[in-house]
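Source file: structure.txt; contents: compact mmCIF, C-alpha atoms and all ligand atoms.
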# COMPACT_ATOMS: atom_id res chain seq x y z
CA MET A 2 0.00 0.00 0.00
CA LYS A 3 1.08 3.59 -0.59
CA ILE A 4 0.85 5.35 2.75
CA LEU A 5 1.21 8.98 3.75
CA VAL A 6 3.04 9.18 7.09
CA THR A 7 2.59 12.61 8.70
CA GLY A 8 5.25 13.34 11.31
CA GLY A 9 7.23 10.48 9.76
CA LEU A 10 10.62 11.78 10.88
CA GLY A 11 9.61 11.89 14.57
CA PHE A 12 10.26 9.21 17.18
CA ILE A 13 7.37 6.80 16.51
CA GLY A 14 6.91 7.87 12.88
CA SER A 15 10.49 7.07 11.84
CA HIS A 16 10.32 3.58 13.39
CA THR A 17 6.98 2.98 11.70
CA VAL A 18 8.36 4.05 8.30
CA VAL A 19 11.15 1.47 8.76
CA GLU A 20 8.65 -1.31 9.57
CA LEU A 21 6.33 -0.29 6.72
CA ILE A 22 9.20 -0.62 4.26
CA ARG A 23 10.24 -3.97 5.75
CA ALA A 24 6.62 -5.17 5.31
CA GLY A 25 6.67 -4.19 1.62
CA HIS A 26 4.62 -0.97 1.80
CA GLU A 27 5.52 2.36 0.19
CA PRO A 28 5.53 5.14 2.81
CA VAL A 29 5.71 8.80 1.82
CA ILE A 30 6.75 11.10 4.66
CA PHE A 31 5.72 14.63 5.43
CA ASP A 32 7.02 16.57 8.39
CA ASN A 33 7.70 20.23 9.17
CA LEU A 34 10.87 19.27 11.11
CA TYR A 35 9.64 21.13 14.20
CA ASN A 36 10.62 18.25 16.47
CA SER A 37 12.74 16.13 14.15
CA LYS A 38 15.84 16.30 12.00
CA ILE A 39 16.29 15.82 8.28
CA GLU A 40 19.26 13.49 9.00
CA THR A 41 16.71 10.90 10.19
CA LEU A 42 15.67 10.46 6.54
CA ASP A 43 19.15 9.26 5.57
CA LYS A 44 19.22 6.98 8.60
CA ILE A 45 15.90 5.40 7.56
CA LYS A 46 17.37 4.85 4.08
CA LYS A 47 20.48 3.32 5.60
CA ILE A 48 18.52 0.93 7.85
CA THR A 49 16.14 -0.23 5.12
CA GLY A 50 18.35 0.08 2.02
CA SER A 51 15.38 1.83 0.33
CA ASP A 52 14.72 5.30 -0.94
CA VAL A 53 11.84 7.15 0.77
CA LYS A 54 9.96 10.14 -0.59
CA PHE A 55 9.97 13.12 1.79
CA TYR A 56 8.07 16.43 1.70
CA LYS A 57 8.74 19.30 4.07
CA ALA A 58 5.16 20.32 4.69
CA ASP A 59 3.07 21.71 7.52
CA LEU A 60 -0.38 20.71 8.74
CA LEU A 61 -1.09 24.43 9.17
CA ASP A 62 -0.10 25.24 5.57
CA PRO A 63 -2.67 23.42 3.45
CA ASP A 64 -0.96 24.48 0.18
CA SER A 65 2.23 22.68 1.18
CA MET A 66 0.18 19.60 2.07
CA GLU A 67 -1.89 19.71 -1.10
CA THR A 68 1.24 19.26 -3.21
CA VAL A 69 1.77 15.93 -1.43
CA PHE A 70 -1.76 14.78 -2.28
CA LYS A 71 -1.56 16.06 -5.88
CA GLU A 72 1.62 14.11 -6.56
CA ASN A 73 0.60 10.82 -4.87
CA LYS A 74 -2.49 8.61 -4.60
CA PHE A 75 -2.62 7.21 -1.06
CA ASP A 76 -4.36 4.07 0.16
CA ALA A 77 -4.12 5.30 3.76
CA VAL A 78 -2.75 8.03 6.01
CA ILE A 79 -0.93 7.29 9.27
CA HIS A 80 -1.18 10.54 11.19
CA PHE A 81 1.57 11.07 13.77
CA ALA A 82 2.23 14.80 13.28
CA GLY A 83 1.40 16.83 16.34
CA LEU A 84 2.75 18.50 19.44
CA LYS A 85 3.04 16.15 22.41
CA ALA A 86 4.48 17.81 25.52
CA VAL A 87 1.89 17.70 28.31
CA GLY A 88 3.46 20.48 30.43
CA GLU A 89 3.95 22.78 27.45
CA SER A 90 0.32 22.24 26.42
CA VAL A 91 -0.80 23.67 29.78
CA GLN A 92 1.24 26.83 29.10
CA LEU A 93 0.40 27.10 25.39
CA PRO A 94 -3.10 25.66 24.95
CA LEU A 95 -3.93 27.67 21.82
CA ARG A 96 -0.80 26.47 20.10
CA TYR A 97 -1.75 22.85 20.89
CA TYR A 98 -5.38 23.24 19.82
CA GLU A 99 -4.35 24.99 16.62
CA ASN A 100 -1.54 22.66 15.59
CA ASN A 101 -3.17 19.38 16.56
CA ILE A 102 -6.85 20.07 15.92
CA SER A 103 -6.85 22.67 13.10
CA GLY A 104 -3.92 20.82 11.52
CA THR A 105 -5.81 17.52 11.51
CA ILE A 106 -8.92 19.19 10.10
CA ASN A 107 -6.78 20.55 7.24
CA LEU A 108 -5.46 17.03 6.64
CA CYS A 109 -8.96 15.51 6.65
CA LYS A 110 -10.21 18.09 4.14
CA LEU A 111 -7.45 17.07 1.75
CA MET A 112 -8.15 13.37 2.31
CA GLU A 113 -11.78 14.07 1.39
CA LYS A 114 -10.83 16.11 -1.68
CA TYR A 115 -8.43 13.44 -2.97
CA GLY A 116 -10.59 10.43 -2.07
CA CYS A 117 -8.40 8.85 0.61
CA LYS A 118 -10.70 6.71 2.81
CA ASN A 119 -8.43 5.37 5.56
CA ILE A 120 -6.74 7.11 8.48
CA ILE A 121 -4.80 5.61 11.36
CA PHE A 122 -4.54 8.16 14.16
CA SER A 123 -2.00 8.39 17.01
CA SER A 124 -4.11 8.63 20.12
CA SER A 125 -2.88 8.05 23.63
CA ALA A 126 -3.66 6.31 26.90
CA THR A 127 -4.02 9.84 28.25
CA VAL A 128 -7.64 9.80 26.96
CA TYR A 129 -8.52 7.42 29.82
CA GLY A 130 -7.80 10.20 32.36
CA ALA A 131 -7.58 8.60 35.81
CA PRO A 132 -8.88 5.08 35.06
CA LYS A 133 -11.15 3.46 37.64
CA SER A 134 -9.15 0.22 37.45
CA VAL A 135 -6.32 -1.49 35.56
CA PRO A 136 -5.75 -3.08 33.09
CA ILE A 137 -7.52 -0.54 30.87
CA ARG A 138 -9.89 -1.73 28.15
CA GLU A 139 -10.91 0.29 25.10
CA ASP A 140 -14.48 0.68 26.41
CA PHE A 141 -13.41 2.47 29.62
CA PRO A 142 -14.76 6.02 30.18
CA LEU A 143 -12.76 8.85 28.61
CA SER A 144 -11.61 12.14 30.14
CA THR A 145 -8.54 14.34 30.11
CA THR A 146 -6.58 16.48 32.51
CA ASN A 147 -4.55 18.75 30.19
CA PRO A 148 -4.85 20.45 26.77
CA TYR A 149 -2.61 17.88 25.05
CA GLY A 150 -4.93 15.08 26.19
CA THR A 151 -7.94 17.15 25.21
CA THR A 152 -6.61 17.49 21.64
CA LYS A 153 -6.41 13.69 21.45
CA LEU A 154 -9.91 13.21 22.85
CA PHE A 155 -11.43 15.91 20.60
CA LEU A 156 -9.67 14.47 17.56
CA GLU A 157 -10.99 10.99 18.35
CA ARG A 158 -14.50 12.51 18.41
CA ILE A 159 -13.99 14.62 15.27
CA LEU A 160 -12.65 11.64 13.30
CA THR A 161 -15.54 9.50 14.57
CA ASP A 162 -18.07 12.16 13.45
CA LEU A 163 -16.57 12.12 9.94
CA THR A 164 -17.54 8.46 9.56
CA VAL A 165 -21.25 9.29 9.98
CA PRO A 166 -21.84 11.02 6.61
CA ASP A 167 -19.01 9.17 4.84
CA LYS A 168 -19.82 5.48 5.11
CA ASP A 169 -16.62 4.46 3.31
CA LEU A 170 -14.28 6.28 5.70
CA LYS A 171 -12.31 3.97 7.99
CA VAL A 172 -10.85 5.54 11.14
CA ILE A 173 -8.45 3.49 13.25
CA LEU A 174 -7.69 5.03 16.64
CA LEU A 175 -4.53 3.61 18.21
CA ARG A 176 -4.14 4.45 21.89
CA TYR A 177 -0.45 4.19 22.69
CA PHE A 178 0.86 3.50 26.16
CA ASN A 179 4.50 4.49 26.90
CA PRO A 180 6.88 3.95 23.97
CA ILE A 181 10.58 3.65 24.79
CA GLY A 182 13.59 1.90 23.19
CA ALA A 183 14.99 2.48 19.72
CA ASP A 184 15.64 0.61 16.49
CA GLU A 185 18.29 -2.03 17.20
CA SER A 186 20.58 -0.42 14.59
CA GLY A 187 21.10 2.41 17.11
CA LEU A 188 20.62 4.92 14.26
CA ILE A 189 17.18 6.31 15.15
CA GLY A 190 15.52 6.94 18.53
CA GLU A 191 14.05 9.61 20.74
CA GLU A 192 15.86 12.89 21.24
CA PRO A 193 13.69 15.33 23.19
CA ASN A 194 14.46 19.03 23.42
CA GLY A 195 15.11 20.49 26.88
CA ILE A 196 14.39 18.72 30.16
CA PRO A 197 12.37 15.63 29.26
CA ASN A 198 8.85 15.01 30.54
CA ASN A 199 9.03 11.26 30.16
CA LEU A 200 10.92 8.78 32.27
CA MET A 201 13.24 7.05 29.78
CA PRO A 202 14.53 10.23 28.07
CA TYR A 203 15.11 11.64 31.58
CA ILE A 204 17.06 8.52 32.62
CA MET A 205 19.14 8.85 29.43
CA GLN A 206 20.12 12.41 30.30
CA VAL A 207 21.16 11.37 33.80
CA ALA A 208 23.09 8.35 32.48
CA ARG A 209 24.85 10.61 29.94
CA GLY A 210 25.82 13.04 32.72
CA ILE A 211 23.72 15.93 31.36
CA LEU A 212 21.43 15.98 34.41
CA PRO A 213 22.77 15.16 37.90
CA GLU A 214 19.92 12.94 39.07
CA LEU A 215 16.52 11.59 38.18
CA GLY A 216 13.54 13.22 39.91
CA VAL A 217 11.08 10.51 40.99
CA PHE A 218 7.76 12.28 41.42
CA GLY A 219 6.05 10.65 44.40
CA ASN A 220 6.80 7.42 46.29
CA ASP A 221 3.53 7.24 48.19
CA TYR A 222 1.19 6.04 45.45
CA ASP A 223 -0.88 2.93 46.00
CA THR A 224 1.53 0.74 44.00
CA PRO A 225 3.93 -2.07 45.06
CA ASP A 226 6.90 0.29 45.70
CA GLY A 227 4.97 3.58 45.94
CA THR A 228 6.19 4.96 42.58
CA GLY A 229 3.98 5.34 39.50
CA VAL A 230 3.35 2.30 37.32
CA ARG A 231 3.17 2.53 33.50
CA ASP A 232 3.00 0.24 30.49
CA TYR A 233 6.32 0.67 28.66
CA ILE A 234 6.34 -0.66 25.11
CA HIS A 235 9.25 -0.98 22.70
CA VAL A 236 8.84 1.58 19.89
CA THR A 237 9.50 -1.13 17.29
CA ASP A 238 6.62 -3.21 18.69
CA LEU A 239 4.47 -0.08 18.58
CA ALA A 240 5.53 0.55 14.97
CA LEU A 241 4.56 -3.04 14.10
CA GLY A 242 1.14 -2.33 15.61
CA HIS A 243 0.60 0.18 12.78
CA VAL A 244 1.61 -2.37 10.16
CA ALA A 245 -0.90 -4.79 11.74
CA ALA A 246 -3.60 -2.08 11.81
CA LEU A 247 -3.31 -1.77 8.03
CA LYS A 248 -5.21 -5.07 7.88
CA ARG A 249 -8.32 -3.08 8.84
CA VAL A 250 -7.89 -0.64 5.94
CA ASN A 251 -10.58 -0.98 3.24
CA THR A 252 -12.71 -3.28 5.39
CA GLY A 253 -15.69 -0.92 5.15
CA GLY A 254 -16.17 2.37 6.95
CA GLY A 255 -16.41 2.99 10.67
CA VAL A 256 -14.19 3.35 13.68
CA ASP A 257 -11.85 0.75 15.17
CA ILE A 258 -10.10 1.43 18.46
CA TYR A 259 -7.10 -0.46 19.84
CA ASN A 260 -4.86 -0.16 22.86
CA LEU A 261 -1.22 -0.64 21.94
CA GLY A 262 0.57 -1.65 25.11
CA THR A 263 2.21 -4.75 26.56
CA GLY A 264 -0.31 -5.36 29.33
CA THR A 265 2.46 -5.27 31.97
CA GLY A 266 3.02 -2.39 34.35
CA TYR A 267 6.47 -1.40 35.65
CA SER A 268 7.15 1.19 38.35
CA VAL A 269 9.64 4.03 38.03
CA LEU A 270 12.05 2.17 40.31
CA ASP A 271 11.61 -1.07 38.30
CA ILE A 272 12.75 0.86 35.23
CA VAL A 273 15.71 2.44 37.02
CA LYS A 274 16.88 -0.97 38.28
CA ALA A 275 16.31 -2.67 34.90
CA PHE A 276 18.25 0.09 33.13
CA GLU A 277 21.18 -0.14 35.56
CA LYS A 278 21.30 -3.94 35.27
CA ALA A 279 20.97 -4.05 31.46
CA ASN A 280 23.62 -1.41 30.82
CA GLY A 281 25.90 -1.39 33.88
CA VAL A 282 25.33 2.35 34.38
CA LYS A 283 24.25 3.98 37.66
CA VAL A 284 21.21 6.27 37.66
CA PRO A 285 21.18 8.40 40.83
CA TYR A 286 17.67 9.49 41.78
CA ALA A 287 15.88 11.64 44.36
CA ILE A 288 12.29 11.38 45.52
CA LYS A 289 10.35 14.58 44.77
CA PRO A 290 6.74 15.63 45.48
CA ARG A 291 4.01 14.19 43.26
CA ARG A 292 3.43 15.99 39.95
CA ALA A 293 -0.04 17.47 39.44
CA GLY A 294 -2.14 15.29 37.14
CA ASP A 295 -0.03 12.11 37.50
CA ILE A 296 -1.93 8.91 38.24
CA ALA A 297 -0.79 5.85 40.22
CA MET A 298 -1.21 3.07 37.67
CA CYS A 299 -1.80 2.93 33.94
CA TYR A 300 -1.44 -0.21 31.87
CA ALA A 301 -3.30 -1.70 28.96
CA ASP A 302 -5.46 -4.66 28.34
CA PRO A 303 -4.13 -5.35 24.81
CA THR A 304 -6.42 -8.36 24.13
CA LYS A 305 -8.47 -6.65 21.41
CA ALA A 306 -5.39 -5.83 19.30
CA LYS A 307 -4.23 -9.43 19.67
CA GLU A 308 -7.58 -10.90 18.68
CA GLU A 309 -8.44 -8.55 15.82
CA LEU A 310 -5.05 -7.49 14.46
CA GLY A 311 -2.98 -10.55 15.39
CA TRP A 312 -0.53 -8.15 17.03
CA GLU A 313 1.18 -8.31 20.40
CA ALA A 314 4.27 -6.67 21.87
CA LYS A 315 7.24 -9.04 21.93
CA LYS A 316 10.31 -7.16 23.18
CA ASP A 317 11.12 -7.32 26.89
CA LEU A 318 12.20 -4.63 29.32
CA GLU A 319 15.89 -5.55 29.11
CA THR A 320 15.83 -5.08 25.32
CA MET A 321 14.01 -1.75 25.71
CA CYS A 322 16.68 -0.53 28.16
CA LYS A 323 19.60 -1.74 26.01
CA ASP A 324 18.19 -0.28 22.79
CA SER A 325 17.40 3.09 24.44
CA TRP A 326 20.95 3.32 25.77
CA ARG A 327 22.62 2.26 22.49
CA TYR A 328 20.88 5.15 20.74
CA ALA A 329 21.47 7.67 23.56
CA GLN A 330 25.20 6.96 23.50
CA SER A 331 25.35 7.93 19.82
CA LEU A 332 24.11 11.46 20.60
CA THR A 333 26.44 14.39 21.13
CA LYS A 334 25.93 16.21 24.43
N1 LIG A 401 5.81 9.46 22.45
C1 LIG A 401 4.78 9.18 23.25
O1 LIG A 401 4.97 8.88 24.43
C2 LIG A 401 3.36 9.20 22.72
C3 LIG A 401 2.34 8.58 23.47
C4 LIG A 401 1.04 8.62 22.99
C5 LIG A 401 0.75 9.27 21.79
N2 LIG A 401 1.76 9.89 21.09
C6 LIG A 401 1.42 10.59 19.83
O2 LIG A 401 2.10 9.95 18.76
C7 LIG A 401 2.45 10.91 17.76
C8 LIG A 401 3.93 10.79 17.48
O3 LIG A 401 4.66 10.99 18.69
P1 LIG A 401 6.25 11.04 18.73
O4 LIG A 401 6.66 10.63 20.08
O5 LIG A 401 6.81 10.35 17.55
O6 LIG A 401 6.45 12.61 18.59
P2 LIG A 401 7.55 13.43 17.78
O7 LIG A 401 7.50 14.84 18.24
O8 LIG A 401 8.87 12.73 17.82
O9 LIG A 401 6.99 13.32 16.28
C9 LIG A 401 5.97 14.17 15.79
C10 LIG A 401 6.44 14.72 14.46
O10 LIG A 401 5.42 15.59 13.94
C11 LIG A 401 6.05 16.73 13.39
N3 LIG A 401 5.05 17.82 13.42
C12 LIG A 401 4.53 18.44 14.50
N4 LIG A 401 3.66 19.40 14.11
C13 LIG A 401 3.64 19.37 12.75
C14 LIG A 401 2.95 20.12 11.75
N5 LIG A 401 2.13 21.13 12.09
N6 LIG A 401 3.15 19.82 10.45
C15 LIG A 401 3.99 18.81 10.09
N7 LIG A 401 4.69 18.09 10.98
C16 LIG A 401 4.51 18.36 12.29
C17 LIG A 401 7.27 16.98 14.24
O11 LIG A 401 8.29 17.71 13.56
C18 LIG A 401 7.73 15.55 14.57
O12 LIG A 401 8.66 15.06 13.63
C19 LIG A 401 2.03 12.27 18.31
O13 LIG A 401 0.78 12.59 17.76
C20 LIG A 401 1.93 12.03 19.81
O14 LIG A 401 1.02 12.89 20.41
C21 LIG A 401 3.06 9.85 21.53
What's the structure tokens form of this structure?
Ligand SMILES: NC(=O)c1ccc[n+]([C@@H]2O[C@H](COP(=O)([O-])OP(=O)(O)OC[C@H]3O[C@@H](n4cnc5c(N)ncnc54)[C@H](O)[C@@H]3O)[C@@H](O)[C@H]2O)c1
Amino acid sequence: MKILVTGGLGFIGSHTVVELIRAGHEPVIFDNLYNSKIETLDKIKKITGSDVKFYKADLLDPDSMETVFKENKFDAVIHFAGLKAVGESVQLPLRYYENNISGTINLCKLMEKYGCKNIIFSSSATVYGAPKSVPIREDFPLSTTNPYGTTKLFLERILTDLTVPDKDLKVILLRYFNPIGADESGLIGEEPNGIPNNLMPYIMQVARGILPELGVFGNDYDTPDGTGVRDYIHVTDLALGHVAALKRVNTGGGVDIYNLGTGTGYSVLDIVKAFEKANGVKVPYAIKPRRAGDIAMCYADPTKAKEELGWEAKKDLETMCKDSWRYAQSLTK
């Protein structure tokens, strides 16, 4: 299939492009390079041995996007492009609503104009808010606690509404849990700007000596060791979830929703210990007060994706830690 990958040079997008090529698909990337680097394109080519078409285009500049649609006929769009920093979204809500929501509306208008009937959308476990229990199933109630999460929830609703008048439109909502790790080549991975929000990028910066210690936000949650529990999934497994989701393309219109997680929860201290053991590197940490909006436990019930897509996460925590570190060591400070 010929697939438009928006945000295809970002963390999850670049790994998905690699797996799409390996599975015999033809991805075409567009990205405005706001949170990614053009060098990633060459690295994707190096890993796969294939050429990949790239357009520098912006969701907020429909003319730049229209060129992409004029020059290609897509079977499906995988839509990663968006802003994703929770804390920043609280400070800059308009920027998040405009980029993520207006940008996606621009994309959908072009899909309609050029007759593209399939979209796979990057949603997030954040749409479950504070879940009443774990593991979390797709039919749990939805709510959000910050503008970033609200953009995901609104976009799920907007995309769902589009399937009412257009009976041929297929919308696949993939709710990701916590992607970490990197392609085993060590060439592509996650490289956040500034002080990271997420645990693994934070651990990397401590392990590389950029930050003195890891802040562990709260050790009095109702969890086995008191620190927050999350469902960490290898980014390559997550990427393969998108390849599996392509099975649902052209199966008639409507909305399909899948959790993409491992189904196992690890605490912050589990991750610190696993990272130290896998890589032989110390990660000093200090307990800090809880962060507003953080929840105690969040992990997926991934049964639906297994049953309907034949997909399940395979890579273990040791591999995630080793692959994250291999990539982090390749970065200049
Ligand atoms: N990483 C996570 O933990 C996580 C968890 C759940 C959901 N998600 C969602 O998955 C998607 C991909 O996440 P990621 O971690 O790869 O993020 P990322 O920032 O690495 O990738 C997003 C890409 O989109 C591009 N982009 C942003 N705004 C754009 C615009 N207006 N026009 C064109 N390109 C634009 C950026 O340059 C970047 O390359 C995002 O939608 C994110 O919200 C991520």
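Between Ile120 (chain A) and the residues A:Lys168, A:His16, A:Lys74, A:His80, the shortest atom-to-atom distance, using all atoms listed in the file, involves A:His80.
The gap separating atom N2 of ligand LIG 401 (chain A) from CA of Glu192 (chain A) is 14.4 Å, in Å to one decimal.
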Would you tabulate, counting all atoms listed in the file, all residues of chain A that have an atom at most 6 Å from an atom of ligand LIG 401 (chain A), showing the closest pair of atoms and their distance in Å to one decimal, sorted by chain then ascending number, as a Markdown table?
| residue | atom | partner | partner_atom | distance |
| --- | --- | --- | --- | --- |
| A:Gly8 | CA | A:LIG401 | O10 | 3.5 |
| A:Leu10 | CA | A:LIG401 | O12 | 4.7 |
| A:Gly11 | CA | A:LIG401 | O8 | 3.4 |
| A:Phe12 | CA | A:LIG401 | O5 | 3.7 |
| A:Ile13 | CA | A:LIG401 | O5 | 3.7 |
| A:Gly14 | CA | A:LIG401 | O5 | 5.3 |
| A:Asp32 | CA | A:LIG401 | N7 | 3.8 |
| A:Asn33 | CA | A:LIG401 | C15 | 4.1 |
| A:Leu34 | CA | A:LIG401 | O11 | 3.9 |
| A:Tyr35 | CA | A:LIG401 | O11 | 3.7 |
| A:Asn36 | CA | A:LIG401 | O11 | 3.8 |
| A:Ser37 | CA | A:LIG401 | O12 | 4.2 |
| A:Ala58 | CA | A:LIG401 | C15 | 5.7 |
| A:Asp59 | CA | A:LIG401 | N6 | 3.5 |
| A:Leu60 | CA | A:LIG401 | N6 | 4.0 |
| A:Leu61 | CA | A:LIG401 | N5 | 5.5 |
| A:Phe81 | CA | A:LIG401 | C7 | 4.1 |
| A:Ala82 | CA | A:LIG401 | O10 | 3.4 |
| A:Gly83 | CA | A:LIG401 | C12 | 4.0 |
| A:Leu84 | CA | A:LIG401 | C12 | 5.3 |
| A:Lys85 | CA | A:LIG401 | O14 | 4.3 |
| A:Asn100 | CA | A:LIG401 | N5 | 5.3 |
| A:Ser123 | CA | A:LIG401 | O2 | 4.7 |
| A:Ser124 | CA | A:LIG401 | C5 | 5.2 |
| A:Ser125 | CA | A:LIG401 | C4 | 4.0 |
| A:Tyr177 | CA | A:LIG401 | C4 | 4.7 |
| A:Phe178 | CA | A:LIG401 | C3 | 5.9 |
| A:Asn179 | CA | A:LIG401 | O1 | 5.1 |
| A:Pro180 | CA | A:LIG401 | O1 | 5.3 |
Proximity of region 109-185 of chain A to region 322-333 of chain A: per-residue shortest pair, 9 Å limit, only C-alpha atoms, as JSON lines:
{"residue": "A:Ile181", "atom": "CA", "partner": "A:Ser325", "partner_atom": "CA", "distance": 6.9}
{"residue": "A:Gly182", "atom": "CA", "partner": "A:Ser325", "partner_atom": "CA", "distance": 4.2}
{"residue": "A:Ala183", "atom": "CA", "partner": "A:Asp324", "partner_atom": "CA", "distance": 5.2}
{"residue": "A:Asp184", "atom": "CA", "partner": "A:Asp324", "partner_atom": "CA", "distance": 6.9}
{"residue": "A:Glu185", "atom": "CA", "partner": "A:Asp324", "partner_atom": "CA", "distance": 5.9}
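Taking CA of Val53 (chain A) as the reference point, CA of Lys38 (chain A) is found at 15.0 Å.
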Which of these residues is nearest to Leu163 (chain A), using only C-alpha atoms: A:Val250, A:Ala131, A:Val256, A:Leu310?
-> A:Val256
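Nearest to Glu139 (chain A) of all the residues A:Arg176, A:Arg23, A:Lys54, A:Lys71 is A:Arg176, counting only C-alpha atoms.
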Neighbours of point (19.8, 4.1, 12.7) within 8 Å, using only C-alpha atoms, written as a PyMOL selection string | chain A and resi 41+44-45+47-48+184-190
Which centre and edge lengths in Å to one decimal define the box along x, y and z that fits every listed atom of region 61-74 of chain A plus 3 Å per side, as JSON?
{"center_x": -0.2, "center_y": 16.9, "center_z": 1.3, "size_x": 10.9, "size_y": 22.6, "size_z": 21.7}
With the cut-off set at 10 Å and counting all atoms listed in the file, tabulate each residue of region 39-82 of chain A with an atom at most that distance from an atom of region 231-247 of chain A, showing the nearest atom pair and its distance in Å to one decimal, ordered by chain and increasing number, as CSV.
residue,atom,partner,partner_atom,distance
A:Asp76,CA,A:Leu247,CA,9.9
A:Ala77,CA,A:Leu247,CA,8.3
A:Ile79,CA,A:His243,CA,8.1
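Using all atoms listed in the file, the contacts of region 210-212 of chain A at a cut-off of 9 Å, with sequence neighbours closer than 4 positions omitted, comprise Ile196, Tyr203, Ile204, Met205, Gln206 and Lys334 of chain A.
When CA of Ala314 (chain A) is paired with CA of Thr265 (chain A), their separation reads 10.4 Å.
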Give me the residues within 9 Å of Gly116 (chain A) as a ChimeraX atom specification, counting all atoms listed in the file and dropping any in the same chain fewer than 3 places off.
-> /A:74-75,111-113
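Distances to Glu319 (chain A) were evaluated for A:Ile288, A:Leu215, A:Val273, A:Met298 using only C-alpha atoms, and the minimum falls at A:Val273.
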Given the choices A:Val19, A:Leu95, A:Val135, A:Met66, which gets closest to Asn107 (chain A) if the distance is worked out from all atoms listed in the file?
-> A:Met66
Of the residues A:Lys307, A:Val207, A:Asn199, A:Ala126, which is the one nearest to Phe141 (chain A), using only C-alpha atoms?
-> A:Ala126
Within 12 Å of (11.2, -0.9, 38.6), in the coordinates the file gives, what residues turn up when you count all atoms listed in the file, written out as number ranges by chain?
-> A: 200, 217, 224-233, 265-278, 318-319, 322
